[in-house]
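Below is structure-v1.csv, which holds CSV, C-alpha atoms.
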chain,number,residue,atom,x,y,z
A,1,MET,CA,0.9,17.7,-39.8
A,2,LYS,CA,4.3,17.2,-38.2
A,3,THR,CA,4.8,17.9,-34.5
A,4,SER,CA,7.3,20.8,-34.1
A,5,ALA,CA,10.4,20.2,-32.1
A,6,ALA,CA,9.2,22.6,-29.4
A,7,THR,CA,6.1,20.5,-28.8
A,8,GLN,CA,7.5,17.0,-29.5
A,9,GLN,CA,5.8,14.4,-27.3
A,10,LEU,CA,7.9,12.6,-24.7
A,11,LEU,CA,5.5,10.1,-23.1
A,12,VAL,CA,3.9,7.5,-25.3
A,13,THR,CA,1.4,4.7,-24.8
A,14,GLY,CA,2.7,2.3,-22.2
A,15,ASP,CA,4.4,5.0,-20.2
A,16,PRO,CA,2.9,5.6,-16.7
A,17,ALA,CA,1.1,8.8,-15.9
A,18,PRO,CA,3.4,11.0,-13.9
A,19,VAL,CA,0.9,11.5,-11.1
A,20,GLU,CA,-0.8,8.8,-8.9
A,21,TRP,CA,-3.4,9.8,-6.4
A,22,VAL,CA,-4.3,8.1,-3.1
A,23,ASN,CA,-7.4,9.2,-1.3
A,24,ARG,CA,-7.9,12.0,-3.8
A,25,ASP,CA,-11.3,13.1,-2.4
A,26,SER,CA,-10.2,13.2,1.2
A,27,ASP,CA,-10.9,16.5,3.1
A,28,ALA,CA,-8.3,15.7,5.8
A,29,LYS,CA,-6.4,18.6,7.2
A,30,ILE,CA,-3.1,17.1,6.2
A,31,ALA,CA,-1.9,16.8,2.6
A,32,LEU,CA,0.9,14.4,1.6
A,33,LEU,CA,3.3,14.3,-1.2
A,34,CYS,CA,6.1,12.0,-2.4
A,35,GLU,CA,8.0,13.6,-5.3
A,36,HIS,CA,10.6,10.8,-5.6
A,37,ALA,CA,8.2,7.8,-5.3
A,38,GLY,CA,8.9,6.2,-8.6
A,39,ARG,CA,11.8,5.2,-10.8
A,40,ALA,CA,10.1,5.0,-14.2
A,41,ILE,CA,11.9,6.2,-17.3
A,42,PRO,CA,10.0,7.2,-20.5
A,43,GLN,CA,10.4,4.6,-23.3
A,44,LYS,CA,11.9,7.2,-25.6
A,45,LEU,CA,14.8,7.8,-23.2
A,46,GLY,CA,15.7,4.1,-22.9
A,47,ASP,CA,17.8,3.5,-19.8
A,48,LEU,CA,19.3,7.0,-19.8
A,49,GLY,CA,22.6,5.4,-20.5
A,50,VAL,CA,23.0,4.2,-16.9
A,51,SER,CA,22.9,0.7,-15.3
A,52,GLU,CA,20.0,-0.9,-13.5
A,53,GLU,CA,22.1,-0.7,-10.3
A,54,VAL,CA,22.3,3.1,-10.7
A,55,GLN,CA,18.6,3.4,-11.5
A,56,ALA,CA,17.6,1.3,-8.4
A,57,SER,CA,19.9,3.2,-6.1
A,58,HIS,CA,19.3,6.5,-4.2
A,59,ARG,CA,20.4,8.3,-7.4
A,60,GLY,CA,17.2,7.2,-9.1
A,61,TRP,CA,14.5,7.5,-6.4
A,62,ASP,CA,13.9,7.7,-2.7
A,63,ILE,CA,14.1,4.1,-1.5
A,64,GLY,CA,11.2,3.2,0.8
A,65,ALA,CA,9.6,6.7,0.6
A,66,GLU,CA,6.6,5.6,-1.5
A,67,ALA,CA,5.8,2.7,0.9
A,68,VAL,CA,5.9,4.9,4.0
A,69,ALA,CA,3.8,7.6,2.3
A,70,ARG,CA,1.1,5.1,1.2
A,71,GLN,CA,0.8,3.7,4.7
A,72,LEU,CA,0.8,7.1,6.3
A,73,ALA,CA,-2.0,8.2,3.9
A,74,ASP,CA,-3.9,5.1,4.9
A,75,ARG,CA,-3.5,5.7,8.6
A,76,LEU,CA,-4.5,9.4,8.4
A,77,ARG,CA,-7.0,8.9,5.6
A,78,ALA,CA,-5.2,11.8,3.9
A,79,PRO,CA,-4.8,12.7,0.3
A,80,LEU,CA,-1.4,11.7,-1.2
A,81,ILE,CA,0.2,12.5,-4.5
A,82,LEU,CA,2.9,10.1,-5.8
A,83,GLN,CA,5.2,11.2,-8.7
A,84,ARG,CA,6.1,8.1,-10.8
A,85,TYR,CA,9.3,9.1,-12.7
A,86,SER,CA,12.9,8.8,-11.7
A,87,ARG,CA,14.6,11.9,-10.5
A,88,LEU,CA,17.2,11.1,-13.1
A,89,VAL,CA,14.6,12.1,-15.7
A,90,ILE,CA,13.6,15.2,-14.0
A,91,ASP,CA,13.8,16.1,-10.3
A,92,CYS,CA,10.3,17.3,-9.3
A,93,ASN,CA,11.5,18.9,-6.1
A,94,ARG,CA,13.8,21.3,-7.9
A,95,PRO,CA,13.0,24.6,-9.7
A,96,ILE,CA,13.1,24.0,-13.4
A,97,GLU,CA,16.0,26.5,-13.7
A,98,ALA,CA,18.1,24.6,-11.1
A,99,PRO,CA,21.2,23.0,-12.6
A,100,ASP,CA,20.2,19.6,-11.3
A,101,SER,CA,16.6,19.8,-12.3
A,102,ILE,CA,17.6,17.4,-15.1
A,103,PRO,CA,20.9,16.2,-13.6
A,104,PRO,CA,23.9,15.7,-15.9
A,105,ASN,CA,25.4,13.6,-13.1
A,106,SER,CA,24.3,12.2,-9.8
A,107,PHE,CA,26.6,11.4,-6.8
A,108,GLY,CA,29.5,11.2,-9.3
A,109,GLU,CA,27.6,9.1,-11.9
A,110,GLN,CA,27.3,10.7,-15.3
A,111,ILE,CA,23.8,10.5,-16.9
A,112,PRO,CA,24.6,10.3,-20.7
A,113,ALA,CA,21.0,10.9,-21.8
A,114,ASN,CA,20.9,14.2,-19.8
A,115,LEU,CA,24.0,15.7,-21.6
A,116,ASN,CA,23.7,18.3,-24.4
A,117,LEU,CA,19.9,18.5,-24.1
A,118,THR,CA,18.1,21.0,-26.4
A,119,ALA,CA,15.6,23.5,-25.1
A,120,ALA,CA,12.8,21.3,-26.6
A,121,ASP,CA,14.2,18.2,-24.7
A,122,ARG,CA,14.0,20.0,-21.4
A,123,ALA,CA,10.6,21.6,-22.2
A,124,ALA,CA,9.1,18.2,-22.9
A,125,ARG,CA,10.2,16.8,-19.5
A,126,GLN,CA,8.9,19.9,-17.7
A,127,ARG,CA,5.6,20.0,-19.6
A,128,GLU,CA,4.7,16.3,-19.4
A,129,ILE,CA,6.1,15.3,-16.0
A,130,MET,CA,6.6,18.3,-13.8
A,131,ALA,CA,3.6,20.4,-14.9
A,132,PRO,CA,1.0,17.7,-14.2
A,133,LEU,CA,2.5,17.2,-10.7
A,134,ASN,CA,2.3,20.9,-10.0
A,135,GLY,CA,-1.3,21.0,-11.1
A,136,ALA,CA,-2.1,18.1,-8.9
A,137,ILE,CA,-0.4,19.7,-5.9
A,138,GLU,CA,-2.4,22.9,-6.4
A,139,HIS,CA,-5.6,20.9,-6.7
A,140,MET,CA,-4.9,19.0,-3.5
A,141,LEU,CA,-4.0,22.1,-1.4
A,142,ASP,CA,-6.9,24.2,-2.7
A,143,ARG,CA,-9.6,21.5,-2.7
A,144,ALA,CA,-10.1,21.6,1.1
A,145,PRO,CA,-8.9,23.7,4.0
A,146,ARG,CA,-5.6,22.0,4.6
A,147,VAL,CA,-3.6,22.9,7.7
A,148,LEU,CA,-0.5,20.8,7.3
A,149,ALA,CA,1.5,19.8,4.2
A,150,VAL,CA,4.1,17.0,4.4
A,151,SER,CA,6.5,15.6,1.8
A,152,ILE,CA,8.1,12.2,2.4
A,153,HIS,CA,11.6,11.5,1.3
A,154,SER,CA,14.5,9.2,2.2
A,155,PHE,CA,18.3,9.7,2.2
A,156,ALA,CA,21.3,7.5,1.9
A,157,ALA,CA,23.1,6.4,5.1
A,158,GLN,CA,26.5,7.1,3.5
A,159,VAL,CA,27.7,9.6,0.9
A,160,ASP,CA,31.3,9.8,-0.4
A,161,GLY,CA,32.4,7.6,2.5
A,162,GLU,CA,30.8,9.8,5.1
A,163,THR,CA,28.3,8.3,7.5
A,164,ARG,CA,25.2,10.3,8.2
A,165,PRO,CA,24.2,9.6,11.9
A,166,TRP,CA,20.6,10.8,11.8
A,167,HIS,CA,17.7,8.3,11.6
A,168,ALA,CA,15.5,11.1,10.3
A,169,GLY,CA,15.4,14.8,9.6
A,170,PHE,CA,12.6,17.3,9.4
A,171,LEU,CA,13.3,20.1,7.0
A,172,THR,CA,11.9,23.6,7.0
A,173,ARG,CA,12.9,27.2,6.4
A,174,VAL,CA,10.2,29.2,8.2
A,175,ASP,CA,8.3,26.7,10.3
A,176,PRO,CA,10.7,24.9,12.7
A,177,THR,CA,7.8,24.5,15.2
A,178,THR,CA,6.2,21.7,13.2
A,179,GLY,CA,9.4,19.7,12.6
A,180,GLN,CA,10.5,20.1,16.2
A,181,ALA,CA,7.0,19.0,17.4
A,182,ALA,CA,7.3,15.9,15.3
A,183,ILE,CA,10.8,15.1,16.7
A,184,ASP,CA,9.5,15.6,20.2
A,185,HIS,CA,6.5,13.3,19.7
A,186,ILE,CA,8.6,10.6,18.1
A,187,SER,CA,11.4,10.9,20.6
A,188,ALA,CA,8.9,10.3,23.4
A,189,LEU,CA,8.0,7.0,21.8
A,190,ARG,CA,11.5,6.0,20.6
A,191,PRO,CA,14.2,7.7,22.6
A,192,ASP,CA,16.8,5.6,20.8
A,193,LEU,CA,16.3,7.5,17.5
A,194,HIS,CA,18.6,10.3,16.5
A,195,MET,CA,16.6,13.1,14.7
A,196,ALA,CA,17.3,16.7,13.8
A,197,LEU,CA,15.9,19.7,12.2
A,198,ASN,CA,17.3,20.5,8.7
A,199,GLN,CA,19.5,17.4,8.4
A,200,PRO,CA,20.9,16.0,6.2
A,201,TYR,CA,19.7,18.9,3.9
A,202,GLN,CA,18.5,22.4,4.2
A,203,ILE,CA,15.6,24.1,2.4
A,204,ASP,CA,16.3,27.0,0.0
A,205,SER,CA,14.6,28.5,-3.1
A,206,GLU,CA,17.5,27.5,-5.4
A,207,SER,CA,17.4,23.8,-4.7
A,208,ASP,CA,13.9,23.1,-3.4
A,209,TRP,CA,10.4,23.4,-4.9
A,210,PHE,CA,7.5,22.1,-2.8
A,211,ILE,CA,8.0,24.0,0.4
A,212,PRO,CA,9.2,27.4,-1.1
A,213,HIS,CA,6.6,27.3,-3.9
A,214,PHE,CA,3.6,25.7,-2.4
A,215,ALA,CA,3.6,25.4,1.4
A,216,GLU,CA,5.2,28.7,2.4
A,217,PRO,CA,3.1,31.0,0.2
A,218,ARG,CA,-0.1,29.4,1.6
A,219,GLY,CA,1.0,29.8,5.2
A,220,LEU,CA,0.7,26.1,5.8
A,221,ALA,CA,2.4,24.3,8.7
A,222,HIS,CA,4.8,22.0,6.9
A,223,SER,CA,7.8,19.7,6.9
A,224,LEU,CA,9.8,17.8,4.4
A,225,VAL,CA,10.5,14.4,6.1
A,226,GLU,CA,13.8,12.7,5.4
A,227,ILE,CA,14.1,9.1,6.7
A,228,ARG,CA,17.4,7.2,6.3
A,229,ASN,CA,16.7,4.6,3.7
A,230,ASP,CA,18.3,1.6,5.3
A,231,LEU,CA,15.6,1.9,8.0
A,232,ILE,CA,12.7,1.5,5.5
A,233,ARG,CA,13.9,-1.2,3.1
A,234,ASP,CA,11.6,-3.9,4.6
A,235,VAL,CA,8.0,-4.2,5.6
A,236,LYS,CA,8.6,-3.8,9.4
A,237,GLY,CA,10.7,-0.6,8.9
A,238,VAL,CA,8.1,0.9,6.7
A,239,GLU,CA,5.3,0.1,9.1
A,240,ASP,CA,7.2,1.4,12.1
A,241,TRP,CA,8.0,4.8,10.5
A,242,ALA,CA,4.5,5.2,9.1
A,243,GLN,CA,3.0,4.6,12.5
A,244,LEU,CA,5.5,7.0,14.2
A,245,LEU,CA,4.8,9.7,11.7
A,246,ALA,CA,1.0,9.1,11.9
A,247,GLU,CA,1.0,9.5,15.6
A,248,ALA,CA,3.2,12.6,15.5
A,249,PHE,CA,1.2,14.4,12.8
A,250,THR,CA,-2.1,13.5,14.5
A,251,ARG,CA,-0.9,15.1,17.7
A,252,ILE,CA,0.3,18.2,15.7
A,253,LEU,CA,-3.1,18.5,14.0
A,254,GLU,CA,-4.9,18.4,17.3
A,255,THR,CA,-3.0,21.5,18.4
A,256,LYS,CA,-4.1,23.3,15.2
A,257,THR,CA,-7.9,22.6,15.2
Taking this structure as input, can you express it in the form of structure tokens?
Amino acid sequence: MKTSAATQQLLVTGDPAPVEWVNRDSDAKIALLCEHAGRAIPQKLGDLGVSEEVQASHRGWDIGAEAVARQLADRLRAPLILQRYSRLVIDCNRPIEAPDSIPPNSFGEQIPANLNLTAADRAARQREIMAPLNGAIEHMLDRAPRVLAVSIHSFAAQVDGETRPWHAGFLTRVDPTTGQAAIDHISALRPDLHMALNQPYQIDSESDWFIPHFAEPRGLAHSLVEIRNDLIRDVKGVEDWAQLLAEAFTRILETKT
């Protein structure tokens, strides 16, 4: 029997699973997520029509975020979910109806494989990549009484010739207390760092997924952490930021238990 276009399979043998768990059985009060950890592309999509340089850049993934998230999970003995596919395939921190959920272009770079997609093409990416991630997040948040939910991201130091001065940002919409507490704890240890709430991005329902869809409805303390990616491109930078975040979130959890 032939597979209908509506249910055509995207991922094949040799493609990585979309979700990787770290400390899956942990009952820690904090839950960790990294939606842009990977830069894999399904074999059926080739190279998406873009160069290796584009794939390896911030357009394709959050540079350094996976490494920080792994070390943070290790220090806190916390559950962590890593999403393996490039955000050029599907951005798993976007509502599926968002125009850039499957981006036709990224920072001025056209993505040929994402142009003129059929409904079946879009459904396959949503069904086989985003849906398993959503299921894993629900399992992680419901498995134990979590108190704090944190997503780890990174951002480019320059965009369109404009320099972003922040070393890190802590994003929220309804819970500024958590982000500000993290900034205060880290600033006490590293007064040289420039951090801010809701920089270089802001959370909203049209362009964000994890916080509006998962953290807010559950009433969890939360923050989406953005670290400037030039600071976490080497082992020392990753270790430094993982330790700073671990100390900050440990202190925050102590106030909530």
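In this model, the gap between CA of Ile203 (chain A) and CA of Asp175 (chain A) comes to 11.1 Å.
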Residues within 12 Å of Tyr201 (chain A), please, as JSON, numbers by chain. Count only C-alpha atoms; anything in the same chain fewer than 5 positions from it doesn't count. {"A": [153, 154, 155, 156, 164, 166, 168, 169, 170, 171, 172, 173, 196, 207, 208, 224, 225, 226, 227]}
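Minimum distance to Asp230 (chain A) across A:Ile63, A:Ala78, A:Val150, A:Ile252 (counting all atoms listed in the file) occurs at A:Ile63.
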Compile the contact shell of Arg125 (chain A) as a VMD selection string: residues with an atom at most 8 Å away, counting only C-alpha atoms, same-chain residues fewer than 5 positions apart removed. chain A and resid 10 89 to 90 130
Restricting the output to C-alpha atoms, write the selected residues as a PDB file, in the coordinates of the input.
ATOM      1  CA  LEU A  10       7.900  12.600 -24.700  1.00  0.00           C
ATOM      2  CA  VAL A  89      14.600  12.100 -15.700  1.00  0.00           C
ATOM      3  CA  ILE A  90      13.600  15.200 -14.000  1.00  0.00           C
ATOM      4  CA  MET A 130       6.600  18.300 -13.800  1.00  0.00           C
TER       5      MET A 130
END
d(CA of Ile102 (chain A), CA of Ala123 (chain A)) in Å: 10.8 Å
Write out as a ChimeraX atom specification each polymer residue whose atoms come within 8 Å of region 68-77 of chain A, counting all atoms listed in the file; drop sequence neighbours fewer than 5 positions from it. /A:22-23,26,28,32-34,152,232,238-239,241-243,245-246,250
Using all atoms listed in the file for the distances, tell me which of A:Ile96, A:Ala40, A:Ile111, A:Ala149 is nearest to Ala124 (chain A). A:Ile96
